[in-house]
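Undergrad: My structure is below; once you've seen it, I'll send some questions.
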Amino acid sequence: SCCEDVVECRKYARRTFLAPMNLIDTHCHLDAAEFDPDRLRVRERARAAGVECVVLPAVDLASFDPVQAWAHTHGDAYAWGIHPLYVLRAPEDVMDRVAAALDQARHDPHLVAVGEIGLDFFVPCLDAAAQARQEALCAAQLAMAAEVDLPVILHSRRAVDRLLALLRRSKVRAGIAHAFNGSDQQAHAFLDLGFKLGFGGAMTFERALQLRRLARSLPDNAFVLETDAPDMVPQWLYRTAAERAAGAVMRNEPGELLRIATVLAELRGSTVAEIAHITQANALHALPKLVGLT
């Protein structure tokens, strides 16, 4: 039952840590269809594990209302933007509609960022015209974020340097480089622009040598925690292709943030309580309107 799940999470948290955690999941798609059967149960498990606030970034126009409604009902936060992988299917007037929505909701205390926006050149067969449209809509959304004085939540795959170039030409109020997995130089380029780096499930894999080295070496003010649930599963939830073909399910949850924080603490030779404190402070710095929700 839901109550049994929550009790087990609380027992685990009390057994493992001396003080309650105050964790912020800075990137979670709790509106995704994967959570339709048990969304409230998932959020209660996360709360029992110390996740006090979840940030829900939209990916397209259709997700604007659901993430806003959830945030208002459950005391969480949301962001509005068009994900780069949804750019090509977006209507021609999409930027006008995003601009109108942001202008109308700019004073909503639960709207903490513009996102999830960015560039994604990882997709096979993405031609130059498609890349150009991604860049144009990303630049437009950066300008909108600056106009409404909101930070941004960025997505980038195989396009970090191109995204950094757009950021340097914008007047955006920094934010979070979600699911960062780049080089030392790229990490410090984001930090120099005032951004925090999002660390999540990818960091928990032992084979992620570069990312784990960054997690050990970056300064305390460099990173925030995220799950990207239901995606970006941590190592303990990963299932092989053969297992998935046999029916195994891979679904991440915001409640996994506690174990992700534990991995980060181990990598840095710190305690989970310290990591919770540091990453909460960093999240509030990156997304200042979270202060009113935590």
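FYI, nothing fancy with the structure tokens labels: chains A, B, ... in order, residues from 1 per chain, ligands from 1 as they appear.
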Can you tell me, as number ranges by chain, which residues in region 29-161 of chain A count as alpha helix (DSSP H) by DSSP?

TA: A: 39-48, 64-74, 94-105, 128-148, 160-161

Undergrad: Would you pick out the contacts of Val249 (chain A) at 9 Å or less, using only C-alpha atoms, so that residues sharing its chain but fewer than 2 positions from it are not included, and give the list as a PDB file with N, CA and C atoms, in the first residue's frame?

TA:
ATOM      1  N   LEU A 237      18.963   0.802 -10.486  1.00  0.00           N
ATOM      2  CA  LEU A 237      17.703   0.566 -11.199  1.00  0.00           C
ATOM      3  C   LEU A 237      17.918   0.148 -12.650  1.00  0.00           C
ATOM      4  N   ARG A 239      18.506  -1.829 -15.977  1.00  0.00           N
ATOM      5  CA  ARG A 239      18.231  -3.165 -16.477  1.00  0.00           C
ATOM      6  C   ARG A 239      18.814  -3.291 -17.878  1.00  0.00           C
ATOM      7  N   GLU A 243      17.114  -7.907 -20.231  1.00  0.00           N
ATOM      8  CA  GLU A 243      16.144  -7.883 -19.132  1.00  0.00           C
ATOM      9  C   GLU A 243      14.904  -7.093 -19.516  1.00  0.00           C
ATOM     10  N   ARG A 244      15.108  -5.970 -20.213  1.00  0.00           N
ATOM     11  CA  ARG A 244      13.957  -5.170 -20.644  1.00  0.00           C
ATOM     12  C   ARG A 244      13.115  -5.915 -21.668  1.00  0.00           C
ATOM     13  N   GLY A 247      10.693  -8.102 -20.126  1.00  0.00           N
ATOM     14  CA  GLY A 247       9.608  -7.471 -19.383  1.00  0.00           C
ATOM     15  C   GLY A 247      10.015  -6.628 -18.195  1.00  0.00           C
ATOM     16  N   ARG A 251      12.309   2.523 -14.225  1.00  0.00           N
ATOM     17  CA  ARG A 251      11.677   3.807 -13.968  1.00  0.00           C
ATOM     18  C   ARG A 251      12.346   4.464 -12.774  1.00  0.00           C
TER      19      ARG A 251
END

Undergrad: Looking at only C-alpha atoms, which of A:Ser270, A:Met203, A:Leu290, A:Leu88 is the one that sits closest to Ala129 (chain A)?

TA: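 Counting only C-alpha atoms, the residue closest to Ala129 (chain A) is A:Leu88.
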
Undergrad: One number please: CA of Glu34 (chain A) to CA of Pro254 (chain A), in Å, one decimal.

TA: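 Interatomic distance here is 13.0 Å.
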
Undergrad: Taking the backbone alone, and naming residues the way the document does, which bits of region 2-244 of chain A are strand (DSSP E) by DSSP, as a ChimeraX atom specification?

TA: /A:23-25,51-57,77-80,111-120,152-157,175-177,196-199,223-225

Undergrad: With only C-alpha atoms as the counted atoms, please give the residues lying no more than 8 Å from Leu56 (chain A), apart from itself and same-chain residues fewer than 4 positions off, as a list in words.

TA: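 In the requested form, the answer reads Thr26, His27, Cys28, His29, Leu30, Asp31, Val67, Ala71, Asp76, Ala77, Tyr78 and Ala79 of chain A.
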
Undergrad: Convert the current residue selection to file output with N, CA, C and O atoms, as an mmCIF file, in the first residue's frame.

TA:
data_model
loop_
_atom_site.group_PDB
_atom_site.id
_atom_site.type_symbol
_atom_site.label_atom_id
_atom_site.label_comp_id
_atom_site.auth_asym_id
_atom_site.auth_seq_id
_atom_site.Cartn_x
_atom_site.Cartn_y
_atom_site.Cartn_z
ATOM 1 N N THR A 26 15.901 19.068 -8.533
ATOM 2 C CA THR A 26 15.813 20.223 -9.424
ATOM 3 C C THR A 26 15.360 19.881 -10.833
ATOM 4 O O THR A 26 15.220 20.778 -11.671
ATOM 5 N N HIS A 27 15.094 18.578 -11.089
ATOM 6 C CA HIS A 27 14.655 18.206 -12.447
ATOM 7 C C HIS A 27 13.930 16.863 -12.384
ATOM 8 O O HIS A 27 14.550 15.817 -12.234
ATOM 9 N N CYS A 28 12.610 16.895 -12.498
ATOM 10 C CA CYS A 28 11.808 15.676 -12.406
ATOM 11 C C CYS A 28 10.550 15.845 -13.253
ATOM 12 O O CYS A 28 9.808 16.808 -13.080
ATOM 13 N N HIS A 29 10.323 14.904 -14.170
ATOM 14 C CA HIS A 29 9.146 14.961 -15.046
ATOM 15 C C HIS A 29 8.016 14.128 -14.432
ATOM 16 O O HIS A 29 7.610 13.097 -14.978
ATOM 17 N N LEU A 30 7.528 14.601 -13.305
ATOM 18 C CA LEU A 30 6.502 13.860 -12.586
ATOM 19 C C LEU A 30 5.179 13.827 -13.349
ATOM 20 O O LEU A 30 4.297 13.017 -13.039
ATOM 21 N N ASP A 31 5.050 14.683 -14.356
ATOM 22 C CA ASP A 31 3.852 14.680 -15.186
ATOM 23 C C ASP A 31 3.890 13.612 -16.272
ATOM 24 O O ASP A 31 2.893 13.412 -16.979
ATOM 25 N N VAL A 67 2.022 20.668 -15.321
ATOM 26 C CA VAL A 67 3.076 20.916 -14.334
ATOM 27 C C VAL A 67 2.702 22.072 -13.415
ATOM 28 O O VAL A 67 3.011 22.051 -12.208
ATOM 29 N N ALA A 71 2.198 21.663 -9.303
ATOM 30 C CA ALA A 71 2.969 22.515 -8.391
ATOM 31 C C ALA A 71 2.054 23.274 -7.439
ATOM 32 O O ALA A 71 2.331 23.369 -6.235
ATOM 33 N N ASP A 76 5.015 22.137 -4.989
ATOM 34 C CA ASP A 76 6.267 21.988 -5.720
ATOM 35 C C ASP A 76 6.472 23.181 -6.650
ATOM 36 O O ASP A 76 5.766 24.186 -6.562
ATOM 37 N N ALA A 77 7.453 23.080 -7.546
ATOM 38 C CA ALA A 77 7.792 24.174 -8.452
ATOM 39 C C ALA A 77 7.725 23.679 -9.895
ATOM 40 O O ALA A 77 7.774 22.468 -10.146
ATOM 41 N N TYR A 78 7.641 24.619 -10.828
ATOM 42 C CA TYR A 78 7.606 24.224 -12.234
ATOM 43 C C TYR A 78 8.366 25.222 -13.090
ATOM 44 O O TYR A 78 8.691 26.339 -12.649
ATOM 45 N N ALA A 79 8.660 24.789 -14.318
ATOM 46 C CA ALA A 79 9.294 25.651 -15.322
ATOM 47 C C ALA A 79 8.561 25.438 -16.637
ATOM 48 O O ALA A 79 8.078 24.337 -16.914
#

Undergrad: Can you tell me, as a list in words, what residues are no more than 12 Å from Leu214 (chain A) when counting only C-alpha atoms, ignoring any on the same chain fewer than 3 positions away?

TA: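 Result of the neighbour search: Phe180, Asn181, Gly182, Ser183, Asp184, Gln185, Gln186, Ala187, His188, Leu197, Gly198, Phe199, Met203, Ala208, Leu209, Gln210, Leu211, Ser217, Leu218, Pro219, Asp220, Ala222, Phe223, Leu264, Leu267 and Arg268 of chain A.
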
Undergrad: Output C-alpha atoms for every residue in that selection, as a JSON list (two decimals), in the first residue's frame.

TA:
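The result, written out as selection29.json:
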[["chain", "number", "residue", "atom", "x", "y", "z"],
["A", 180, "PHE", "CA", 25.84, 17.74, -17.15],
["A", 181, "ASN", "CA", 28.25, 15.23, -18.65],
["A", 182, "GLY", "CA", 30.91, 17.31, -20.38],
["A", 183, "SER", "CA", 34.59, 18.11, -19.97],
["A", 184, "ASP", "CA", 36.38, 20.04, -17.23],
["A", 185, "GLN", "CA", 36.65, 23.03, -19.54],
["A", 186, "GLN", "CA", 32.94, 22.97, -20.37],
["A", 187, "ALA", "CA", 32.04, 22.57, -16.69],
["A", 188, "HIS", "CA", 34.05, 25.64, -15.75],
["A", 197, "LEU", "CA", 25.60, 21.68, -12.86],
["A", 198, "GLY", "CA", 22.91, 19.04, -12.40],
["A", 199, "PHE", "CA", 24.17, 15.69, -11.07],
["A", 203, "MET", "CA", 27.00, 9.85, -11.71],
["A", 208, "ALA", "CA", 31.22, 7.16, -15.62],
["A", 209, "LEU", "CA", 34.84, 8.00, -14.83],
["A", 210, "GLN", "CA", 34.95, 11.58, -16.10],
["A", 211, "LEU", "CA", 31.66, 12.56, -14.47],
["A", 217, "SER", "CA", 36.84, 17.80, -7.75],
["A", 218, "LEU", "CA", 34.39, 20.65, -8.36],
["A", 219, "PRO", "CA", 33.91, 23.28, -5.64],
["A", 220, "ASP", "CA", 30.99, 22.97, -3.25],
["A", 222, "ALA", "CA", 29.10, 24.05, -8.40],
["A", 223, "PHE", "CA", 26.32, 21.44, -8.37],
["A", 264, "LEU", "CA", 27.86, 12.07, -4.20],
["A", 267, "LEU", "CA", 32.68, 10.49, -3.92],
["A", 268, "ARG", "CA", 33.46, 13.74, -2.11]]

Undergrad: Which is closer to Gly81 (chain A) than all the others in A:Ala128, A:Val148, A:Ala49, A:Leu154, using only C-alpha atoms?

TA: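 That would be A:Leu154, the residue with the smallest distance to Gly81 (chain A).
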
Undergrad: So which residues touch Val87 (chain A) within 8 Å, counting only C-alpha atoms, skipping near sequence neighbours fewer than 5 positions away, as an mmCIF file with all heavy atoms, in the first residue's frame?

TA:
data_model
loop_
_atom_site.group_PDB
_atom_site.id
_atom_site.type_symbol
_atom_site.label_atom_id
_atom_site.label_comp_id
_atom_site.auth_asym_id
_atom_site.auth_seq_id
_atom_site.Cartn_x
_atom_site.Cartn_y
_atom_site.Cartn_z
ATOM 1 N N ILE A 82 10.167 24.905 -24.167
ATOM 2 C CA ILE A 82 10.058 23.884 -25.205
ATOM 3 C C ILE A 82 11.385 23.148 -25.313
ATOM 4 O O ILE A 82 12.420 23.738 -25.651
ATOM 5 C CB ILE A 82 9.682 24.494 -26.567
ATOM 6 C CG1 ILE A 82 8.420 25.354 -26.445
ATOM 7 C CG2 ILE A 82 9.486 23.376 -27.604
ATOM 8 C CD1 ILE A 82 7.187 24.614 -25.975
ATOM 9 N N ARG A 133 16.868 25.413 -36.457
ATOM 10 C CA ARG A 133 15.590 25.726 -35.788
ATOM 11 C C ARG A 133 15.728 25.552 -34.273
ATOM 12 O O ARG A 133 15.208 26.367 -33.502
ATOM 13 C CB ARG A 133 14.470 24.839 -36.335
ATOM 14 C CG ARG A 133 13.119 25.097 -35.671
ATOM 15 C CD ARG A 133 11.960 24.594 -36.498
ATOM 16 N NE ARG A 133 10.691 24.609 -35.794
ATOM 17 C CZ ARG A 133 9.950 25.693 -35.545
ATOM 18 N NH1 ARG A 133 10.370 26.881 -35.960
ATOM 19 N NH2 ARG A 133 8.798 25.609 -34.900
ATOM 20 N N GLN A 134 16.422 24.506 -33.843
ATOM 21 C CA GLN A 134 16.677 24.354 -32.409
ATOM 22 C C GLN A 134 17.395 25.575 -31.851
ATOM 23 O O GLN A 134 17.029 26.106 -30.794
ATOM 24 C CB GLN A 134 17.532 23.104 -32.138
ATOM 25 C CG GLN A 134 16.786 21.798 -32.099
ATOM 26 C CD GLN A 134 17.638 20.688 -31.498
ATOM 27 O OE1 GLN A 134 18.614 20.942 -30.789
ATOM 28 N NE2 GLN A 134 17.268 19.447 -31.768
ATOM 29 N N LEU A 137 15.061 28.709 -31.679
ATOM 30 C CA LEU A 137 14.078 28.672 -30.597
ATOM 31 C C LEU A 137 14.738 28.714 -29.228
ATOM 32 O O LEU A 137 14.188 29.285 -28.284
ATOM 33 C CB LEU A 137 13.182 27.442 -30.733
ATOM 34 C CG LEU A 137 11.875 27.698 -31.520
ATOM 35 C CD1 LEU A 137 12.169 28.102 -32.961
ATOM 36 C CD2 LEU A 137 10.972 26.470 -31.494
#
